[in-house]
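Novice: Data: work09.cif, mmCIF, C-alpha atoms.
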```cif
data_start
loop_
_atom_site.label_atom_id
_atom_site.label_comp_id
_atom_site.auth_asym_id
_atom_site.auth_seq_id
_atom_site.Cartn_x
_atom_site.Cartn_y
_atom_site.Cartn_z
CA MET M 801 237.15 -31.22 228.04
CA SER M 802 235.28 -28.77 230.21
CA SER M 803 233.64 -25.65 228.84
CA ALA M 804 235.68 -23.62 231.32
CA SER M 805 238.96 -24.79 229.81
CA ASN M 806 237.57 -24.20 226.32
CA SER M 807 236.65 -20.61 227.11
CA ALA M 808 240.11 -19.94 228.53
CA GLU M 809 241.87 -21.03 225.35
CA LYS M 810 242.02 -18.80 222.31
CA PRO M 811 242.74 -20.53 219.01
CA LYS M 812 245.65 -19.29 216.93
CA TYR M 813 243.88 -20.31 213.71
CA LYS M 814 240.30 -19.61 212.68
CA ARG M 815 239.98 -21.85 209.60
CA VAL M 816 242.13 -24.93 209.05
CA VAL M 817 242.48 -27.95 206.78
CA LEU M 818 243.40 -31.09 208.71
CA LYS M 819 245.24 -33.54 206.45
CA LEU M 820 245.20 -37.13 207.66
CA SER M 821 246.76 -40.22 206.13
CA GLY M 822 244.43 -43.14 205.65
CA GLU M 823 247.00 -45.36 207.36
CA VAL M 824 246.28 -43.73 210.73
CA LEU M 825 242.93 -45.52 210.70
CA ARG M 826 244.29 -49.01 210.08
CA CYS M 827 244.16 -51.42 213.02
CA SER M 828 247.68 -52.77 213.50
CA GLU M 829 246.44 -55.73 215.56
CA THR M 830 243.72 -57.12 213.31
CA GLY M 831 244.62 -55.53 209.97
CA ASP M 832 241.12 -54.09 209.65
CA PRO M 833 241.09 -50.95 207.48
CA ILE M 834 239.34 -48.86 210.16
CA ALA M 835 240.20 -48.99 213.86
CA TRP M 836 237.09 -47.44 215.37
CA ASN M 837 238.73 -46.59 218.69
CA THR M 838 241.41 -44.62 216.83
CA LEU M 839 238.75 -42.90 214.76
CA ARG M 840 236.81 -41.90 217.88
CA LYS M 841 239.95 -40.43 219.51
CA ILE M 842 240.67 -38.30 216.43
CA CYS M 843 237.05 -37.18 216.18
CA GLN M 844 237.04 -36.19 219.86
CA GLN M 845 239.98 -33.85 219.19
CA ILE M 846 238.17 -32.43 216.17
CA LYS M 847 235.10 -31.84 218.35
CA ASP M 848 237.28 -30.11 220.96
CA ILE M 849 238.79 -27.64 218.49
CA ARG M 850 235.39 -27.08 216.90
CA GLU M 851 234.12 -26.02 220.35
CA LEU M 852 236.92 -23.43 220.42
CA GLY M 853 235.27 -21.78 217.41
CA VAL M 854 237.66 -23.15 214.78
CA GLN M 855 236.28 -23.84 211.30
CA VAL M 856 237.52 -27.32 210.41
CA CYS M 857 237.93 -29.07 207.08
CA ILE M 858 239.28 -32.61 206.80
CA VAL M 859 241.11 -34.26 203.89
CA ILE M 860 241.63 -37.96 204.51
CA GLY M 861 243.71 -40.35 202.40
CA GLY M 862 242.66 -43.85 201.42
CA GLY M 863 245.87 -45.83 201.92
CA ASN M 864 244.30 -48.01 204.62
CA ILE M 865 242.03 -49.48 201.91
CA PHE M 866 243.79 -48.99 198.56
CA ARG M 867 246.64 -46.81 197.37
CA GLY M 868 246.62 -46.15 193.64
CA LEU M 869 250.36 -45.71 193.19
CA SER M 870 251.34 -48.89 195.04
CA GLY M 871 248.56 -50.77 193.26
CA SER M 872 249.98 -49.87 189.88
CA THR M 873 253.52 -50.68 190.99
CA ASP M 874 252.96 -53.87 192.97
CA GLN M 875 249.78 -55.39 191.52
CA GLY M 876 249.91 -54.28 187.90
CA VAL M 877 246.74 -52.19 188.18
CA ASP M 878 246.52 -49.47 185.54
CA ARG M 879 247.55 -46.19 187.21
CA THR M 880 244.40 -44.32 186.23
CA THR M 881 242.15 -47.14 187.45
CA GLY M 882 244.20 -47.48 190.63
CA ASP M 883 243.91 -43.77 191.37
CA TYR M 884 240.13 -43.89 191.00
CA MET M 885 240.06 -46.89 193.34
CA GLY M 886 242.09 -44.83 195.82
CA MET M 887 239.69 -41.90 195.48
CA LEU M 888 236.74 -44.17 196.29
CA SER M 889 238.66 -45.40 199.34
CA THR M 890 238.79 -41.82 200.65
CA VAL M 891 234.99 -41.66 200.32
CA ILE M 892 234.65 -44.66 202.65
CA ASN M 893 236.97 -43.03 205.18
CA GLY M 894 235.15 -39.72 204.89
CA LEU M 895 231.81 -41.37 205.59
CA ALA M 896 233.33 -43.10 208.63
CA PHE M 897 234.47 -39.71 209.96
CA MET M 898 231.05 -38.22 209.30
CA GLU M 899 229.29 -41.06 211.13
CA CYS M 900 231.59 -40.78 214.14
CA LEU M 901 231.42 -36.98 214.37
CA GLU M 902 227.65 -36.88 213.96
CA LYS M 903 227.25 -39.36 216.83
CA MET M 904 229.30 -36.94 218.95
CA GLY M 905 226.88 -34.15 218.12
CA VAL M 906 229.11 -32.43 215.54
CA GLN M 907 227.26 -31.40 212.37
CA THR M 908 229.26 -32.66 209.41
CA ARG M 909 229.06 -32.49 205.62
CA VAL M 910 230.95 -34.66 203.13
CA GLN M 911 231.78 -33.08 199.77
CA THR M 912 233.10 -35.19 196.92
CA SER M 913 234.98 -34.30 193.75
CA ILE M 914 233.35 -37.25 191.93
CA PRO M 915 229.55 -36.92 191.62
CA MET M 916 227.70 -39.47 193.79
CA ASN M 917 224.58 -37.66 194.90
CA GLN M 918 223.18 -40.45 197.06
CA VAL M 919 226.38 -40.57 199.12
CA ALA M 920 227.71 -37.02 199.46
CA GLU M 921 227.34 -33.46 198.24
CA PRO M 922 229.30 -32.35 195.19
CA PHE M 923 232.18 -30.03 196.01
CA ILE M 924 230.89 -26.47 195.66
CA LEU M 925 233.19 -23.83 197.07
CA ARG M 926 230.56 -21.36 198.26
CA ARG M 927 228.53 -24.14 199.85
CA ALA M 928 231.62 -25.45 201.66
CA ILE M 929 232.37 -21.98 203.04
CA ARG M 930 228.75 -21.57 204.11
CA HIS M 931 228.89 -24.88 205.99
CA LEU M 932 232.02 -23.68 207.80
CA GLU M 933 230.38 -20.39 208.72
CA LYS M 934 227.46 -22.35 210.19
CA GLY M 935 229.84 -24.32 212.39
CA ARG M 936 229.82 -27.58 210.43
CA VAL M 937 232.86 -29.72 209.83
CA VAL M 938 233.44 -30.27 206.10
CA ILE M 939 235.14 -33.43 204.83
CA PHE M 940 236.59 -33.32 201.31
CA VAL M 941 236.77 -36.75 199.64
CA ALA M 942 237.59 -38.32 196.25
CA GLY M 943 240.75 -36.26 195.89
CA THR M 944 240.67 -33.64 193.14
CA GLY M 945 238.51 -35.94 191.01
CA ASN M 946 241.45 -36.55 188.69
CA PRO M 947 244.03 -39.36 188.56
CA TYR M 948 247.73 -38.62 189.13
CA PHE M 949 246.99 -36.18 191.96
CA SER M 950 247.46 -37.10 195.62
CA THR M 951 245.36 -36.21 198.65
CA ASP M 952 248.25 -33.91 199.63
CA THR M 953 247.45 -31.95 196.48
CA THR M 954 243.76 -32.05 197.39
CA ALA M 955 244.56 -30.52 200.80
CA ALA M 956 246.70 -27.79 199.22
CA LEU M 957 244.05 -27.03 196.58
CA ARG M 958 241.11 -26.92 198.98
CA ALA M 959 243.08 -24.88 201.53
CA SER M 960 243.86 -22.32 198.82
CA GLU M 961 240.24 -22.23 197.65
CA ILE M 962 238.63 -21.79 201.06
CA GLU M 963 241.43 -19.44 202.22
CA ALA M 964 242.43 -21.63 205.15
CA GLU M 965 245.03 -20.16 207.47
CA VAL M 966 247.06 -23.37 207.68
CA ILE M 967 247.25 -26.98 206.55
CA MET M 968 247.72 -29.19 209.59
CA LYS M 969 249.42 -32.39 208.43
CA ALA M 970 249.23 -35.08 211.10
CA THR M 971 252.00 -37.69 210.77
CA LYS M 972 253.82 -40.35 212.78
CA VAL M 973 256.71 -38.02 213.68
CA ASP M 974 256.61 -34.82 215.75
CA GLY M 975 257.79 -32.45 213.03
CA ILE M 976 260.32 -32.02 210.24
CA TYR M 977 263.93 -33.13 210.75
CA ASP M 978 267.10 -32.50 208.80
CA LYS M 979 267.33 -36.29 208.33
CA ASP M 980 265.30 -39.37 209.17
CA PRO M 981 264.89 -39.46 212.99
CA MET M 982 264.07 -43.19 212.81
CA LYS M 983 267.54 -43.90 211.42
CA PHE M 984 269.73 -41.16 212.89
CA ASP M 985 269.91 -40.35 216.61
CA ASP M 986 271.47 -36.94 215.90
CA ALA M 987 268.60 -35.77 213.67
CA VAL M 988 267.61 -32.18 214.45
CA ARG M 989 263.98 -31.05 214.47
CA TYR M 990 263.04 -27.66 213.07
CA ASP M 991 260.53 -25.43 214.86
CA THR M 992 260.03 -23.25 211.79
CA LEU M 993 261.16 -23.51 208.20
CA SER M 994 260.79 -21.43 205.05
CA TYR M 995 259.49 -22.85 201.78
CA ILE M 996 262.82 -22.13 200.10
CA ASP M 997 264.86 -23.89 202.79
CA ALA M 998 262.58 -26.91 202.58
CA LEU M 999 263.07 -27.02 198.81
CA GLN M 1000 266.83 -26.59 199.00
CA GLN M 1001 267.18 -29.35 201.57
CA ARG M 1002 264.78 -31.58 199.61
CA LEU M 1003 262.70 -32.26 202.71
CA ASN M 1004 259.77 -34.56 202.06
CA ILE M 1005 256.85 -32.55 203.50
CA LEU M 1006 254.17 -32.82 200.80
CA ASP M 1007 254.50 -34.07 197.25
CA SER M 1008 255.97 -31.55 194.82
CA THR M 1009 252.64 -30.47 193.28
CA ALA M 1010 251.05 -29.88 196.67
CA PHE M 1011 254.10 -28.07 198.02
CA SER M 1012 254.22 -25.77 194.98
CA LEU M 1013 250.55 -24.90 195.47
CA CYS M 1014 251.15 -24.02 199.10
CA MET M 1015 254.21 -21.94 198.30
CA ASP M 1016 252.54 -20.07 195.41
CA ASN M 1017 249.42 -19.31 197.48
CA GLU M 1018 251.30 -18.71 200.75
CA VAL M 1019 249.47 -21.41 202.69
CA PRO M 1020 251.48 -22.40 205.79
CA ILE M 1021 251.98 -26.10 206.56
CA LEU M 1022 252.14 -27.37 210.14
CA VAL M 1023 253.61 -30.88 210.40
CA PHE M 1024 253.03 -32.57 213.77
CA SER M 1025 252.54 -35.97 215.39
CA LEU M 1026 249.05 -37.37 215.76
CA ASN M 1027 250.34 -39.77 218.42
CA GLU M 1028 250.97 -37.09 221.05
CA THR M 1029 248.23 -36.36 223.57
CA ASP M 1030 245.78 -33.65 222.40
CA SER M 1031 248.24 -32.68 219.65
CA ILE M 1032 245.55 -31.20 217.37
CA ARG M 1033 244.12 -28.96 220.10
CA ARG M 1034 247.59 -27.93 221.31
CA ALA M 1035 248.60 -27.00 217.77
CA ILE M 1036 245.41 -24.98 217.31
CA ILE M 1037 245.97 -22.87 220.44
CA GLY M 1038 249.55 -22.11 219.38
CA GLU M 1039 251.65 -24.38 221.59
CA ASN M 1040 255.07 -25.37 220.29
CA VAL M 1041 253.90 -28.46 218.44
CA GLY M 1042 255.59 -29.77 215.29
CA THR M 1043 257.21 -27.71 212.55
CA LEU M 1044 255.64 -24.72 210.76
CA VAL M 1045 256.61 -24.21 207.11
CA SER M 1046 255.76 -20.74 205.86
#
```
Once more with this new file: its structure as structure tokens, please.

Specialist:
Amino acid sequence: MSSASNSAEKPKYKRVVLKLSGEVLRCSETGDPIAWNTLRKICQQIKDIRELGVQVCIVIGGGNIFRGLSGSTDQGVDRTTGDYMGMLSTVINGLAFMECLEKMGVQTRVQTSIPMNQVAEPFILRRAIRHLEKGRVVIFVAGTGNPYFSTDTTAALRASEIEAEVIMKATKVDGIYDKDPMKFDDAVRYDTLSYIDALQQRLNILDSTAFSLCMDNEVPILVFSLNETDSIRRAIIGENVGTLVS
């Protein structure tokens, strides 16, 4: 993207948390946990919005490597052990993002909720905010550091702590519908939605703990498709992308 186009676009949000599912990194053709071409495309969009002056945090899941809940259900892994395995999976993904972004010239810091000093910084709120103010991308890994909490909850918690203006949840669908658009042709997409309406209609946006955190702390949630061209940048500059819950 040219600097001229960057200067002509004014971001709607100044500080955001980008929530990504680990599954978006999986290579559907080979089954490899990380598709590097996909990773580079996502990182290019992150670089583009960073050049608009947006302070960016990333929370990435670990489902492309190991998902604690499914491990305990399908493989008989103890839930606590499985959740810690899932947290370590997010560390691998976070390091992959850091490596890719740094090679693009984007200064990046990884902060972990589980101490591992040789791999990443510990999560320290003031340090994270200072990194953002210096123009660095901050990647939060290892969940909350506790079992039984999802990366959705991590995103909601970190967004509340750093006072992010929005959680941008990138998914496979282009917003929130009144019913499953994969099954029903007459499904209707919402442009905006209130927390209460989402609760009453039992819409699956984030898990219940994460959603409650967002509602209590008034953190908006933007649900949009990662598969659309430049969807992250378009959402940042305020185009009609996805569904905003507020």

Novice: Written as a PyMOL selection string, what is the full residue list that the PyMOL selection byres ((chain M and resi 1023) around 6) yields on the file shown?

Specialist: chain M and resi 969+975+1022+1024+1042-1043

Novice: Please save C-alpha atoms of the selected residues as a PDB file, in the frame of the given file.

Specialist:
```pdb
ATOM      1  CA  LYS M 969     249.420 -32.390 208.430  1.00  0.00           C
ATOM      2  CA  GLY M 975     257.790 -32.450 213.030  1.00  0.00           C
ATOM      3  CA  LEU M1022     252.140 -27.370 210.140  1.00  0.00           C
ATOM      4  CA  PHE M1024     253.030 -32.570 213.770  1.00  0.00           C
ATOM      5  CA  GLY M1042     255.590 -29.770 215.290  1.00  0.00           C
ATOM      6  CA  THR M1043     257.210 -27.710 212.550  1.00  0.00           C
TER       7      THR M1043
END
```

Novice: For this structure, which residues satisfy the selection - the PyMOL selection byres ((chain M and resi 941-950) around 8) - when it is evaluated on the file as given? I want them as a ChimeraX atom specification.

Specialist: /M:859-860,879-880,883-884,886-891,894,910-914,939-940,951-954,1007

Novice: Tell me which residues the PyMOL selection byres ((chain M and resi 812) around 8) grabs here, as a PyMOL selection string.

Specialist: chain M and resi 810-811+813-814+1036-1038

Novice: For atom CA of Gly861 of chain M and atom CA of Leu818 of chain M, quote the distance in Å rounded to one decimal.

Specialist: 11.2 Å

Novice: Would you list the contacts of segment 991-1004 of chain M as a ChimeraX atom specification, taking every protein, DNA or RNA residue within 10 Å and counting all atoms listed in the file, but skipping same-chain residues closer than 6 positions in sequence?

Specialist: /M:975-980,1011-1012,1014-1016,1018,1020-1023,1040-1046

Novice: Counting all atoms listed in the file, which residue out of M:Ile1005, M:Ile892, M:Ala835, M:Val906 sits closest to Phe866 of chain M?

Specialist: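 Looking only at the distances to Phe866 of chain M, the closest residue turns out to be M:Ile892.
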
Novice: Ranking M:Ala896, M:Cys857, M:Val1019, M:Met916 by minimum distance to Ser960 of chain M and counting only C-alpha atoms, which one comes first?

Specialist: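 Between M:Ala896, M:Cys857, M:Val1019, M:Met916, the residue approaching Ser960 of chain M most closely is M:Val1019.
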
Novice: Measuring atom to atom with all atoms listed in the file, identify which of M:Ser1008, M:Gln907, M:Thr830, M:Asn1027 is nearest to Glu851 of chain M.

Specialist: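 Looking only at the distances to Glu851 of chain M, the closest residue turns out to be M:Gln907.
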
Novice: In Å to one decimal, how far is atom CA of Arg1034 of chain M from atom CA of Asp974 of chain M?

Specialist: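 Taking atom CA of Asp974 of chain M as the start and atom CA of Arg1034 of chain M as the end point, the length is 12.6 Å.
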
Novice: List the neighbours of Arg815 of chain M out to 10 Å using only C-alpha atoms; skip same-chain residues closer than 6 positions along the sequence, and give me the result as a list in words.

Specialist: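 Listed by chain and then number, they are Gly853, Val854, Gln855, Val856, Cys857, Leu932, Glu933, Ala959, Ile962, Glu963, Ala964, Glu965, Val966, Ile967 and Ile1036 of chain M.
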
Novice: Mind giving me the straight-line distance from atom CA of Glu823 of chain M to atom CA of Gly863 of chain M in Å, one decimal?

Specialist: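 One can read the atom CA of Glu823 of chain M to atom CA of Gly863 of chain M distance as 5.6 Å.
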
Novice: May I have the residues within 10 Å of Ile834 of chain M as a ChimeraX atom specification, using all atoms listed in the file and disregarding those fewer than 4 positions away in the same chain?

Specialist: /M:822-828,830,838-839,864-865,892-893,896

Novice: Please output segment 1007-1027 of chain M, rebuilt to include N, CA and C atoms, as a compact mmCIF listing (two decimals), keeping the file's coordinate frame.

Specialist:
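Heads up, here's the output in part.txt:
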```txt
# COMPACT_ATOMS: atom_id res chain seq x y z
N ASP M 1007 253.96 -33.82 198.58
CA ASP M 1007 254.50 -34.07 197.25
C ASP M 1007 254.73 -32.75 196.53
N SER M 1008 255.49 -32.79 195.45
CA SER M 1008 255.97 -31.55 194.82
C SER M 1008 254.83 -30.67 194.32
N THR M 1009 253.78 -31.27 193.77
CA THR M 1009 252.64 -30.47 193.28
C THR M 1009 251.96 -29.75 194.42
N ALA M 1010 251.71 -30.47 195.51
CA ALA M 1010 251.05 -29.88 196.67
C ALA M 1010 251.91 -28.78 197.29
N PHE M 1011 253.20 -29.05 197.41
CA PHE M 1011 254.10 -28.07 198.02
C PHE M 1011 254.16 -26.79 197.18
N SER M 1012 254.20 -26.94 195.86
CA SER M 1012 254.22 -25.77 194.98
C SER M 1012 252.95 -24.94 195.13
N LEU M 1013 251.81 -25.62 195.25
CA LEU M 1013 250.55 -24.90 195.47
C LEU M 1013 250.58 -24.09 196.75
N CYS M 1014 251.07 -24.71 197.81
CA CYS M 1014 251.15 -24.02 199.10
C CYS M 1014 252.09 -22.82 199.03
N MET M 1015 253.23 -23.02 198.39
CA MET M 1015 254.21 -21.94 198.30
C MET M 1015 253.68 -20.79 197.45
N ASP M 1016 253.06 -21.11 196.31
CA ASP M 1016 252.54 -20.07 195.41
C ASP M 1016 251.41 -19.28 196.06
N ASN M 1017 250.58 -19.96 196.86
CA ASN M 1017 249.42 -19.31 197.48
C ASN M 1017 249.64 -18.92 198.94
N GLU M 1018 250.89 -19.10 199.40
CA GLU M 1018 251.30 -18.71 200.75
C GLU M 1018 250.40 -19.35 201.82
N VAL M 1019 250.21 -20.65 201.69
CA VAL M 1019 249.47 -21.41 202.69
C VAL M 1019 250.47 -22.11 203.60
N PRO M 1020 250.55 -21.75 204.88
CA PRO M 1020 251.48 -22.40 205.79
C PRO M 1020 251.13 -23.88 205.99
N ILE M 1021 252.16 -24.67 206.31
CA ILE M 1021 251.98 -26.10 206.56
C ILE M 1021 252.52 -26.40 207.95
N LEU M 1022 251.69 -26.97 208.81
CA LEU M 1022 252.14 -27.37 210.14
C LEU M 1022 252.20 -28.90 210.17
N VAL M 1023 253.41 -29.43 210.34
CA VAL M 1023 253.61 -30.88 210.40
C VAL M 1023 253.80 -31.27 211.87
N PHE M 1024 252.97 -32.19 212.36
CA PHE M 1024 253.03 -32.57 213.77
C PHE M 1024 252.63 -34.03 213.92
N SER M 1025 252.84 -34.57 215.13
CA SER M 1025 252.54 -35.97 215.39
C SER M 1025 251.11 -36.13 215.89
N LEU M 1026 250.41 -37.07 215.30
CA LEU M 1026 249.05 -37.37 215.76
C LEU M 1026 249.08 -38.24 217.02
N ASN M 1027 250.24 -38.83 217.31
CA ASN M 1027 250.34 -39.77 218.42
C ASN M 1027 250.48 -39.08 219.77
```
